[in-house]
Structure formats: C-alpha cells, structure tokens
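Engineer: The following file, query10.cif, comprises mmCIF, C-alpha atoms; chains and numbers go by the auth columns:
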```cif
data_start
loop_
_atom_site.group_PDB
_atom_site.id
_atom_site.type_symbol
_atom_site.label_atom_id
_atom_site.label_comp_id
_atom_site.label_asym_id
_atom_site.label_seq_id
_atom_site.Cartn_x
_atom_site.Cartn_y
_atom_site.Cartn_z
_atom_site.B_iso_or_equiv
_atom_site.auth_seq_id
_atom_site.auth_asym_id
ATOM 1 C CA ASP A 1 5.885 -5.282 -7.571 0.00 1 A
ATOM 2 C CA ALA A 2 7.199 -3.494 -4.483 0.00 2 A
ATOM 3 C CA LEU A 3 5.375 -0.341 -5.614 0.00 3 A
ATOM 4 C CA LEU A 4 2.116 -2.258 -6.002 0.00 4 A
ATOM 5 C CA ASP A 5 2.495 -3.786 -2.556 0.00 5 A
ATOM 6 C CA ASP A 6 3.377 -0.384 -1.127 0.00 6 A
ATOM 7 C CA GLY A 7 0.242 1.099 -2.677 0.00 7 A
ATOM 8 C CA LEU A 8 -1.940 -1.637 -1.202 0.00 8 A
ATOM 9 C CA VAL A 9 -0.433 -1.100 2.253 0.00 9 A
ATOM 10 C CA LYS A 10 -1.164 2.632 1.956 0.00 10 A
ATOM 11 C CA MET A 11 -4.753 1.882 0.893 0.00 11 A
ATOM 12 C CA LYS A 12 -5.248 -0.193 4.041 0.00 12 A
ATOM 13 C CA LYS A 13 -3.988 2.773 6.054 0.00 13 A
ATOM 14 C CA GLN A 14 -6.482 5.067 4.252 0.00 14 A
ATOM 15 C CA ASP A 15 -3.588 6.975 2.625 0.00 15 A
ATOM 16 C CA PHE A 16 -5.340 7.136 -0.736 0.00 16 A
ATOM 17 C CA ALA A 17 -3.233 9.901 -2.276 0.00 17 A
ATOM 18 C CA GLY A 18 -0.043 8.057 -1.289 0.00 18 A
ATOM 19 C CA ALA A 19 -1.466 4.830 -2.668 0.00 19 A
ATOM 20 C CA ARG A 20 -2.215 6.500 -6.010 0.00 20 A
ATOM 21 C CA GLU A 21 1.372 7.770 -6.178 0.00 21 A
ATOM 22 C CA SER A 22 2.665 4.224 -5.706 0.00 22 A
ATOM 23 C CA PHE A 23 0.271 2.764 -8.289 0.00 23 A
ATOM 24 C CA SER A 24 1.071 5.497 -10.799 0.00 24 A
ATOM 25 C CA ALA A 25 4.797 5.004 -10.256 0.00 25 A
ATOM 26 C CA PHE A 26 4.326 1.268 -10.822 0.00 26 A
ATOM 27 C CA MET A 27 2.448 1.890 -14.094 0.00 27 A
ATOM 28 C CA THR A 28 5.110 4.323 -15.298 0.00 28 A
ATOM 29 C CA ALA A 29 7.991 1.999 -14.388 0.00 29 A
ATOM 30 C CA ASN A 30 6.341 -1.185 -15.733 0.00 30 A
ATOM 31 C CA PRO A 31 4.161 -0.227 -18.704 0.00 31 A
ATOM 32 C CA LYS A 32 4.274 -3.759 -20.129 0.00 32 A
ATOM 33 C CA SER A 33 3.543 -5.588 -16.873 0.00 33 A
ATOM 34 C CA PRO A 34 0.372 -7.672 -16.783 0.00 34 A
ATOM 35 C CA LYS A 35 -0.235 -6.057 -13.387 0.00 35 A
ATOM 36 C CA VAL A 36 -0.685 -2.574 -14.866 0.00 36 A
ATOM 37 C CA ALA A 37 -4.425 -3.270 -15.115 0.00 37 A
ATOM 38 C CA ASP A 38 -4.454 -4.101 -11.395 0.00 38 A
ATOM 39 C CA ALA A 39 -2.650 -0.859 -10.571 0.00 39 A
ATOM 40 C CA GLN A 40 -5.144 1.090 -12.696 0.00 40 A
ATOM 41 C CA PHE A 41 -8.018 -0.655 -10.912 0.00 41 A
ATOM 42 C CA TYR A 42 -6.542 0.209 -7.502 0.00 42 A
ATOM 43 C CA VAL A 43 -6.252 3.865 -8.542 0.00 43 A
ATOM 44 C CA ALA A 44 -9.997 3.779 -9.244 0.00 44 A
ATOM 45 C CA GLU A 45 -10.632 2.022 -5.922 0.00 45 A
ATOM 46 C CA SER A 46 -8.705 4.729 -4.065 0.00 46 A
ATOM 47 C CA TYR A 47 -11.038 7.384 -5.464 0.00 47 A
ATOM 48 C CA PHE A 48 -14.069 5.205 -4.743 0.00 48 A
ATOM 49 C CA ASN A 49 -12.956 4.806 -1.122 0.00 49 A
ATOM 50 C CA GLU A 50 -12.671 8.582 -0.834 0.00 50 A
ATOM 51 C CA LYS A 51 -16.236 8.870 -2.201 0.00 51 A
ATOM 52 C CA TRP A 52 -14.861 10.826 -5.171 0.00 52 A
ATOM 53 C CA TYR A 53 -17.151 8.916 -7.506 0.00 53 A
ATOM 54 C CA GLU A 54 -16.758 11.040 -10.645 0.00 54 A
ATOM 55 C CA LYS A 55 -13.011 10.439 -10.594 0.00 55 A
ATOM 56 C CA ALA A 56 -13.519 6.748 -9.801 0.00 56 A
ATOM 57 C CA ILE A 57 -15.830 6.407 -12.825 0.00 57 A
ATOM 58 C CA LEU A 58 -13.106 7.762 -15.108 0.00 58 A
ATOM 59 C CA GLU A 59 -10.440 5.485 -13.657 0.00 59 A
ATOM 60 C CA TYR A 60 -12.689 2.399 -13.835 0.00 60 A
ATOM 61 C CA GLN A 61 -13.346 3.347 -17.465 0.00 61 A
ATOM 62 C CA ALA A 62 -9.594 3.177 -18.136 0.00 62 A
ATOM 63 C CA VAL A 63 -9.574 -0.421 -16.851 0.00 63 A
ATOM 64 C CA ILE A 64 -12.671 -1.301 -18.887 0.00 64 A
ATOM 65 C CA ALA A 65 -11.427 0.260 -22.124 0.00 65 A
ATOM 66 C CA ARG A 66 -7.710 -0.530 -22.005 0.00 66 A
ATOM 67 C CA TYR A 67 -7.503 -3.893 -20.293 0.00 67 A
ATOM 68 C CA THR A 68 -10.222 -5.964 -21.903 0.00 68 A
ATOM 69 C CA LYS A 69 -8.613 -9.241 -20.811 0.00 69 A
ATOM 70 C CA SER A 70 -7.999 -8.204 -17.207 0.00 70 A
ATOM 71 C CA PRO A 71 -9.556 -10.290 -14.439 0.00 71 A
ATOM 72 C CA LYS A 72 -10.324 -6.925 -12.778 0.00 72 A
ATOM 73 C CA ARG A 73 -12.650 -5.896 -15.627 0.00 73 A
ATOM 74 C CA PRO A 74 -15.897 -7.365 -14.193 0.00 74 A
ATOM 75 C CA ALA A 75 -15.184 -5.629 -10.873 0.00 75 A
ATOM 76 C CA ALA A 76 -14.407 -2.368 -12.683 0.00 76 A
ATOM 77 C CA LEU A 77 -17.724 -2.544 -14.566 0.00 77 A
ATOM 78 C CA TYR A 78 -19.632 -3.310 -11.393 0.00 78 A
ATOM 79 C CA LYS A 79 -17.922 -0.640 -9.267 0.00 79 A
ATOM 80 C CA GLN A 80 -18.427 1.888 -12.056 0.00 80 A
ATOM 81 C CA GLY A 81 -22.136 1.059 -11.857 0.00 81 A
ATOM 82 C CA VAL A 82 -22.087 1.555 -8.089 0.00 82 A
ATOM 83 C CA SER A 83 -20.295 4.889 -8.565 0.00 83 A
ATOM 84 C CA PHE A 84 -22.940 6.045 -11.048 0.00 84 A
ATOM 85 C CA ALA A 85 -25.674 5.018 -8.584 0.00 85 A
ATOM 86 C CA ARG A 86 -23.987 6.980 -5.780 0.00 86 A
ATOM 87 C CA ILE A 87 -24.001 10.187 -7.821 0.00 87 A
ATOM 88 C CA GLY A 88 -27.649 9.619 -8.740 0.00 88 A
ATOM 89 C CA ASP A 89 -27.125 8.519 -12.355 0.00 89 A
ATOM 90 C CA GLU A 90 -29.416 5.490 -12.325 0.00 90 A
ATOM 91 C CA ALA A 91 -29.496 5.087 -16.124 0.00 91 A
ATOM 92 C CA ASN A 92 -25.737 4.619 -16.394 0.00 92 A
ATOM 93 C CA ALA A 93 -25.660 2.512 -13.235 0.00 93 A
ATOM 94 C CA LYS A 94 -28.219 0.114 -14.738 0.00 94 A
ATOM 95 C CA ALA A 95 -26.362 0.017 -18.054 0.00 95 A
ATOM 96 C CA ARG A 96 -23.149 -0.989 -16.287 0.00 96 A
ATOM 97 C CA TYR A 97 -24.879 -3.629 -14.169 0.00 97 A
ATOM 98 C CA LYS A 98 -26.399 -5.090 -17.347 0.00 98 A
ATOM 99 C CA ASP A 99 -22.941 -5.122 -18.979 0.00 99 A
ATOM 100 C CA VAL A 100 -21.522 -7.145 -16.084 0.00 100 A
ATOM 101 C CA VAL A 101 -24.381 -9.659 -16.206 0.00 101 A
ATOM 102 C CA THR A 102 -24.135 -9.989 -20.004 0.00 102 A
ATOM 103 C CA LEU A 103 -20.342 -10.085 -20.391 0.00 103 A
ATOM 104 C CA TYR A 104 -19.372 -11.939 -17.203 0.00 104 A
ATOM 105 C CA PRO A 105 -22.415 -14.015 -16.196 0.00 105 A
ATOM 106 C CA GLN A 106 -20.317 -16.371 -14.049 0.00 106 A
ATOM 107 C CA SER A 107 -18.500 -13.647 -12.110 0.00 107 A
ATOM 108 C CA PRO A 108 -19.274 -12.808 -8.472 0.00 108 A
ATOM 109 C CA GLU A 109 -19.874 -9.242 -9.689 0.00 109 A
ATOM 110 C CA ALA A 110 -22.661 -10.457 -11.997 0.00 110 A
ATOM 111 C CA LYS A 111 -24.524 -11.770 -8.966 0.00 111 A
ATOM 112 C CA LEU A 112 -24.108 -8.422 -7.199 0.00 112 A
ATOM 113 C CA ALA A 113 -25.146 -6.548 -10.339 0.00 113 A
ATOM 114 C CA GLN A 114 -28.217 -8.739 -10.713 0.00 114 A
ATOM 115 C CA LYS A 115 -29.211 -7.908 -7.124 0.00 115 A
ATOM 116 C CA SER A 116 -28.791 -4.204 -7.838 0.00 116 A
ATOM 117 C CA LEU A 117 -30.950 -4.516 -10.957 0.00 117 A
ATOM 118 C CA THR A 118 -33.751 -6.356 -9.208 0.00 118 A
ATOM 119 C CA LYS A 119 -33.938 -4.080 -6.182 0.00 119 A
ATOM 120 C CA LYS A 120 -34.766 -0.963 -8.213 0.00 120 A
#
```
Mind turning this structure into structure tokens?

Structural biologist:
Amino acid sequence: DALLDDGLVKMKKQDFAGARESFSAFMTANPKSPKVADAQFYVAESYFNEKWYEKAILEYQAVIARYTKSPKRPAALYKQGVSFARIGDEANAKARYKDVVTLYPQSPEAKLAQKSLTKK
C-alpha cells in the first residue's frame, strides 16, 4: 500500500510519470490485491490529468474490462466518456455516458453522465 500512497502523493504534486511508476510497481508487486483496480484507475487518471486522452481511454478500458466488480468502474466509464468528448469523438462519449447510466444508475457518475447527455 505504500506504493499506492506514494503514487497518490506524486499525483497531487503533478508528478504524473512518477505516479505511474509507483502505481505500476504496486500492480506488479501485488497482482492479487483488491487494490490493483484502483492502481489501474489512477494510471488512467494520471494520463487524463496530463490531457493525454487517447492513453487515458486505453487505461480506463483496462479498468472497465478487467475489474468488473471494482467500485472504480463507474468512474472509469464516465471518465472514458469525458476523454472521448475531449478528443472530439462524440459518438463514443455518448455510448460511454449511456453505459454509466444503464449499468450504475445510482452512482454519482450516472448523474454526471446524464447531464452530459442532456446538454448535447
């Protein structure tokens, strides 16, 4: 968990590459940990924060596909939608927002996704 914490500290300091190293090291050292999904999500967030949306989309996809039971999954779906919107891919953005609303209707992300769907 020290590596996860270290990564989060680095994220706060805008050291996104350093944060990714810590999260990747955590995932390598603890492949069976329930927190691996969190580390994967934070890797995606680091790219998102750098506005490297294509990379963020791929990393969010890893969370969505691999960690179907993760509490981070609704956020990953939503942020993937936002990433698609930022690169101008409205069709995929809408599809992701709809997924969040359909799969996680009670989540805070569903409310955000619904707003994004209605403003278009």

Engineer: So the first atom is CA of Phe84 (chain A) and the second is CA of Ser107 (chain A); what is the distance between them in Å, to one decimal place?

Structural biologist: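 Rounded to one decimal, the two atoms are 20.2 Å apart.
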
Engineer: Measuring atom to atom with all atoms listed in the file, identify which of A:Lys32, A:Lys10, A:Lys94, A:Arg73 is nearest to Gln61 (chain A).

Structural biologist: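 With all atoms listed in the file as the atom set, the closest residue is A:Arg73.
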
Engineer: So which residues touch Gly81 (chain A) within 12 Å, counting all atoms listed in the file, skipping near sequence neighbours fewer than 4 positions away, as a count of residues only?

Structural biologist: 36

Engineer: Which residues come within 12 Å of Glu45 (chain A), counting only C-alpha atoms, excluding same-chain residues fewer than 6 positions away, as a ChimeraX atom specification?

Structural biologist: /A:7-8,11-12,14,16-17,19-20,23,38-39,51-61,63,72,75-76,78-80,82-83

Engineer: Taking only C-alpha atoms into account, name the residue in A:Ile64, A:Ser22, A:Tyr104, A:Thr118 that is nearest to Ala37 (chain A).

Structural biologist: A:Ile64

Engineer: What does the structure give for the distance between CA of Thr102 (chain A) and CA of Ser33 (chain A), in Å to one decimal?

Structural biologist: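 CA of Ser33 (chain A) lies at a distance of 28.2 Å from CA of Thr102 (chain A).
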
Engineer: To one decimal place in Å, what is the distance between CA of Pro34 (chain A) and CA of Leu103 (chain A)?

Structural biologist: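 If I compute the distance from CA of Pro34 (chain A) to CA of Leu103 (chain A), I get 21.2 Å.
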
Engineer: Could you tell me which of A:Lys35, A:Thr68, A:Gly18, A:Asp6 comes closest to Tyr47 (chain A) if we count all atoms listed in the file?

Structural biologist: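 When distances to Tyr47 (chain A) are compared using all atoms listed in the file, the smallest one comes from A:Gly18.
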